[in-house]
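Note: the block below is work06.cif and it holds mmCIF, C-alpha atoms.
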```cif
data_run
loop_
_atom_site.label_atom_id
_atom_site.label_comp_id
_atom_site.auth_asym_id
_atom_site.auth_seq_id
_atom_site.Cartn_x
_atom_site.Cartn_y
_atom_site.Cartn_z
CA MET A 1 -11.92 -13.87 11.87
CA LYS A 2 -12.10 -10.50 10.25
CA ALA A 3 -13.46 -7.00 10.48
CA ILE A 4 -14.24 -4.50 7.70
CA LEU A 5 -14.30 -0.71 7.73
CA ARG A 6 -15.85 1.00 4.74
CA HIS A 7 -15.87 4.61 3.54
CA LEU A 8 -13.10 5.86 5.81
CA ARG A 9 -12.56 9.50 4.80
CA ILE A 10 -8.79 9.19 4.47
CA SER A 11 -6.83 8.53 1.29
CA PRO A 12 -5.99 4.83 0.72
CA LYS A 13 -2.29 5.70 0.24
CA LYS A 14 -2.10 7.18 3.73
CA VAL A 15 -3.94 4.25 5.29
CA ASN A 16 -1.71 1.74 3.50
CA LEU A 17 1.41 3.35 5.01
CA MET A 18 0.10 2.63 8.51
CA ALA A 19 -1.19 -0.81 7.53
CA ALA A 20 2.28 -1.78 6.34
CA MET A 21 3.65 -1.07 9.82
CA VAL A 22 1.44 -3.68 11.50
CA ARG A 23 1.13 -6.42 8.87
CA ARG A 24 2.23 -9.87 10.11
CA LYS A 25 2.54 -8.60 13.69
CA ASN A 26 1.06 -10.00 16.88
CA VAL A 27 -2.24 -8.27 17.71
CA VAL A 28 -1.03 -6.90 21.05
CA ASP A 29 2.12 -5.48 19.42
CA ALA A 30 0.13 -3.97 16.55
CA ILE A 31 -2.27 -2.20 18.91
CA ASN A 32 0.66 -0.79 20.90
CA ILE A 33 2.36 0.45 17.71
CA LEU A 34 -0.82 2.20 16.57
CA LYS A 35 -1.52 3.62 20.03
CA PHE A 36 1.78 5.53 20.05
CA THR A 37 1.85 6.61 16.42
CA ALA A 38 0.83 10.20 15.73
CA LYS A 39 -1.01 9.75 12.45
CA LYS A 40 -4.65 10.35 11.63
CA THR A 41 -5.07 6.80 10.32
CA SER A 42 -3.75 5.09 13.44
CA LEU A 43 -6.95 5.51 15.51
CA PRO A 44 -9.44 4.01 12.99
CA LEU A 45 -6.99 1.19 12.21
CA LYS A 46 -6.50 0.46 15.93
CA LYS A 47 -10.26 0.35 16.46
CA LEU A 48 -10.69 -1.98 13.50
CA ILE A 49 -8.05 -4.40 14.79
CA GLU A 50 -9.67 -4.34 18.24
CA SER A 51 -13.01 -5.11 16.58
CA ALA A 52 -11.50 -8.06 14.72
CA VAL A 53 -10.01 -9.33 18.00
CA ALA A 54 -13.40 -9.00 19.71
CA ASN A 55 -14.98 -10.97 16.84
CA ALA A 56 -12.36 -13.71 17.21
CA ILE A 57 -12.81 -13.95 20.98
CA HIS A 58 -16.61 -13.82 20.97
CA ASN A 59 -17.46 -15.82 17.84
CA PHE A 60 -14.55 -18.27 17.55
CA LYS A 61 -13.47 -18.62 21.23
CA GLN A 62 -9.84 -17.64 20.47
CA ASN A 63 -7.22 -16.39 22.90
CA LYS A 64 -6.06 -12.80 22.29
CA ASP A 65 -2.39 -13.72 22.82
CA ASP A 66 -2.51 -16.35 20.03
CA LEU A 67 -3.79 -13.94 17.36
CA TYR A 68 -1.73 -12.17 14.73
CA ILE A 69 -2.61 -9.99 11.76
CA LYS A 70 -2.69 -12.29 8.76
CA GLU A 71 -3.78 -9.69 6.20
CA ILE A 72 -4.69 -6.03 6.02
CA ILE A 73 -6.22 -5.10 2.70
CA VAL A 74 -6.68 -1.42 1.85
CA THR A 75 -8.71 -0.62 -1.25
CA LYS A 76 -10.09 2.63 -2.60
CA GLY A 77 -13.69 3.54 -1.95
CA ALA A 78 -15.98 6.08 -3.51
CA THR A 79 -14.40 9.42 -4.38
CA LEU A 80 -16.30 12.52 -3.34
CA LYS A 81 -16.03 15.12 -6.09
CA ARG A 82 -16.04 18.76 -5.09
CA SER A 83 -14.87 21.93 -6.81
CA VAL A 84 -13.28 25.24 -5.91
CA PRO A 85 -14.16 28.39 -7.81
CA VAL A 86 -11.25 30.13 -9.48
CA SER A 87 -10.89 33.19 -11.64
CA ARG A 88 -12.85 33.87 -14.80
CA GLY A 89 -15.82 31.75 -13.78
CA ARG A 90 -13.97 28.45 -13.84
CA ALA A 91 -13.78 25.71 -11.20
CA TYR A 92 -10.98 23.34 -10.21
CA PRO A 93 -11.89 19.84 -9.07
CA ILE A 94 -11.11 18.49 -5.62
CA LEU A 95 -11.15 14.72 -5.15
CA LYS A 96 -11.87 13.63 -1.58
CA ARG A 97 -10.85 10.00 -1.52
CA THR A 98 -12.18 7.27 0.77
CA ALA A 99 -10.77 3.88 1.73
CA HIS A 100 -12.09 0.41 2.58
CA ILE A 101 -10.01 -1.61 5.06
CA THR A 102 -10.29 -5.34 5.74
CA VAL A 103 -8.38 -6.95 8.62
CA ILE A 104 -8.04 -10.74 8.68
CA LEU A 105 -6.63 -12.41 11.77
CA GLY A 106 -4.91 -15.76 12.10
CA THR A 107 -3.77 -17.85 15.05
CA ASN A 108 -0.25 -18.84 15.96
CA ASN A 109 -1.41 -22.47 15.80
CA GLU A 110 -1.70 -22.04 12.03
CA ILE A 111 1.96 -21.03 11.85
CA LYS A 112 3.03 -24.18 13.72
CA ASN A 113 1.34 -26.32 11.06
CA PRO A 114 4.10 -26.89 8.44
CA GLU A 115 1.75 -26.72 5.42
CA VAL A 116 0.32 -23.36 6.46
CA LYS A 117 3.75 -22.06 7.46
CA LYS A 118 5.08 -22.90 4.00
CA GLU A 119 2.18 -21.00 2.41
CA ILE A 120 2.63 -17.96 4.67
CA THR A 121 6.37 -17.67 4.17
CA LYS A 122 6.31 -18.58 0.50
CA VAL A 123 8.71 -16.32 -1.34
CA LYS A 124 8.74 -16.05 -5.07
CA GLU A 125 12.02 -17.39 -6.37
CA VAL A 126 13.44 -15.15 -9.03
CA LYS A 127 16.26 -16.39 -11.17
CA PRO A 128 18.71 -13.69 -12.21
CA GLU A 129 18.76 -13.04 -15.91
CA LYS A 130 21.96 -13.79 -17.75
CA LYS A 131 23.35 -10.61 -19.17
CA GLU A 132 25.35 -10.97 -22.33
CA PRO A 133 28.28 -8.62 -22.79
CA LYS A 134 27.60 -5.79 -25.18
CA LYS A 135 29.26 -6.05 -28.53
CA ALA A 136 31.03 -3.05 -29.98
CA VAL A 137 29.21 -1.83 -33.05
CA ALA A 138 30.62 0.69 -35.50
CA VAL A 139 28.16 3.49 -36.01
CA LYS A 140 28.41 5.80 -38.98
CA THR A 141 27.75 9.39 -38.07
CA PRO A 142 26.49 11.69 -40.77
CA ALA A 143 28.86 14.36 -42.03
CA PRO A 144 28.19 17.83 -40.68
CA LYS A 145 26.10 19.98 -42.97
CA LYS A 146 27.83 22.89 -44.63
CA THR A 147 26.11 26.13 -44.02
CA THR A 148 26.35 29.02 -46.39
CA SER A 149 25.70 32.50 -45.25
CA LYS A 150 24.31 35.08 -47.61
CA LYS A 151 25.86 38.02 -45.83
CA SER A 152 27.67 40.27 -48.14
CA ILE A 153 30.69 42.23 -47.07
CA LYS A 154 30.81 45.83 -48.26
#
```
Take the structure in this file and express it as C-alpha cells.
Amino acid sequence: MKAILRHLRISPKKVNLMAAMVRRKNVVDAINILKFTAKKTSLPLKKLIESAVANAIHNFKQNKDDLYIKEIIVTKGATLKRSVPVSRGRAYPILKRTAHITVILGTNNEIKNPEVKKEITKVKEVKPEKKEPKKAVAVKTPAPKKTTSKKSIK
C-alpha cells in the first residue's frame, strides 16, 4: 500500500523536515498535522498520504482507522540548472532541486504480530567504548631561537 510523487519542485531537505513530523504516525493524525502546518511542503505531502490511503481502501480493502505511515522516503530528483548573469559577462549557477517522495502504509494488525513488532521497533544496540585514561607523556619543547638584529646604534 503505497503512493509515489515524483519531480516535486521543492528541495528534498525541506520535504524531509515535514516527512519527519509524520513518520510512524496514524494516518488520521498525520493528515491533521499537515493540514495545520504552514509550510509549502505540507500540502503535497498531505495529498500524497491521502492518495496512499485511497489506494489501501480501494485496492486492499483496508480500514482507514487501522492504517499508519510505515515509511516515508524522500530522495533527490533531477536538478534543474539555471544561471543568473552577473558583471563582466559572467554567469552564476542556480540549482533548482526536485524531490521524489514515496509513502508506504502499514496496518495496526502488523504491529500486533510479535515478529513484525520486533522488526519495527528494532533498535541498534551500541556498546559504549571503553576509554583508557590518558598517560602523561613528557614532551620536549625546542629551545627558543636567538634572534640577532643588525641595527647599529650611532
Exercise for the section: Do a neighbour search on range 38-54 of chain A at 10 Å with all atoms listed in the file, toss out local chain neighbours closer than 4 positions, and write the hits as a VMD selection string. Expected result: chain A and resid 1 to 5 8 to 12 14 to 19 22 27 to 28 30 to 34 58 to 64 67 to 69 72 101 to 105
Exercise for the section: Evaluate the PyMOL selection byres ((chain A and resi 79) around 10) here and jot the selected residues down as a PyMOL selection string. Expected result: chain A and resi 7+9+11+76-78+80-82+94-99
Handout entry: Interatomic distance (Å, one decimal) between CA of Tyr92 in chain A and CA of Thr75 in chain A
Key = 25.7 Å
Problem - Atomic separation - CA of Asn108 in chain A relative to CA of Lys13 in chain A, Å - result: 29.2 Å
Exercise for the section: Just give me the gap between CA of Arg23 in chain A and CA of Asp65 in chain A in Å, one decimal is fine. Expected result: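 About the pair CA of Arg23 in chain A and CA of Asp65 in chain A: they are 16.1 Å apart.
Among the candidate residues A:Lys145, A:Pro85, A:Ile73, A:Asp66, the one lying nearest to Asn109 in chain A is A:Asp66, with distances computed using only C-alpha atoms.
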Completion exercise
With distances taken over all atoms listed in the file, the candidate from A:Thr37, A:Ser87, A:Asn55, A:Thr107 nearest Met21 in chain A is A:Thr37
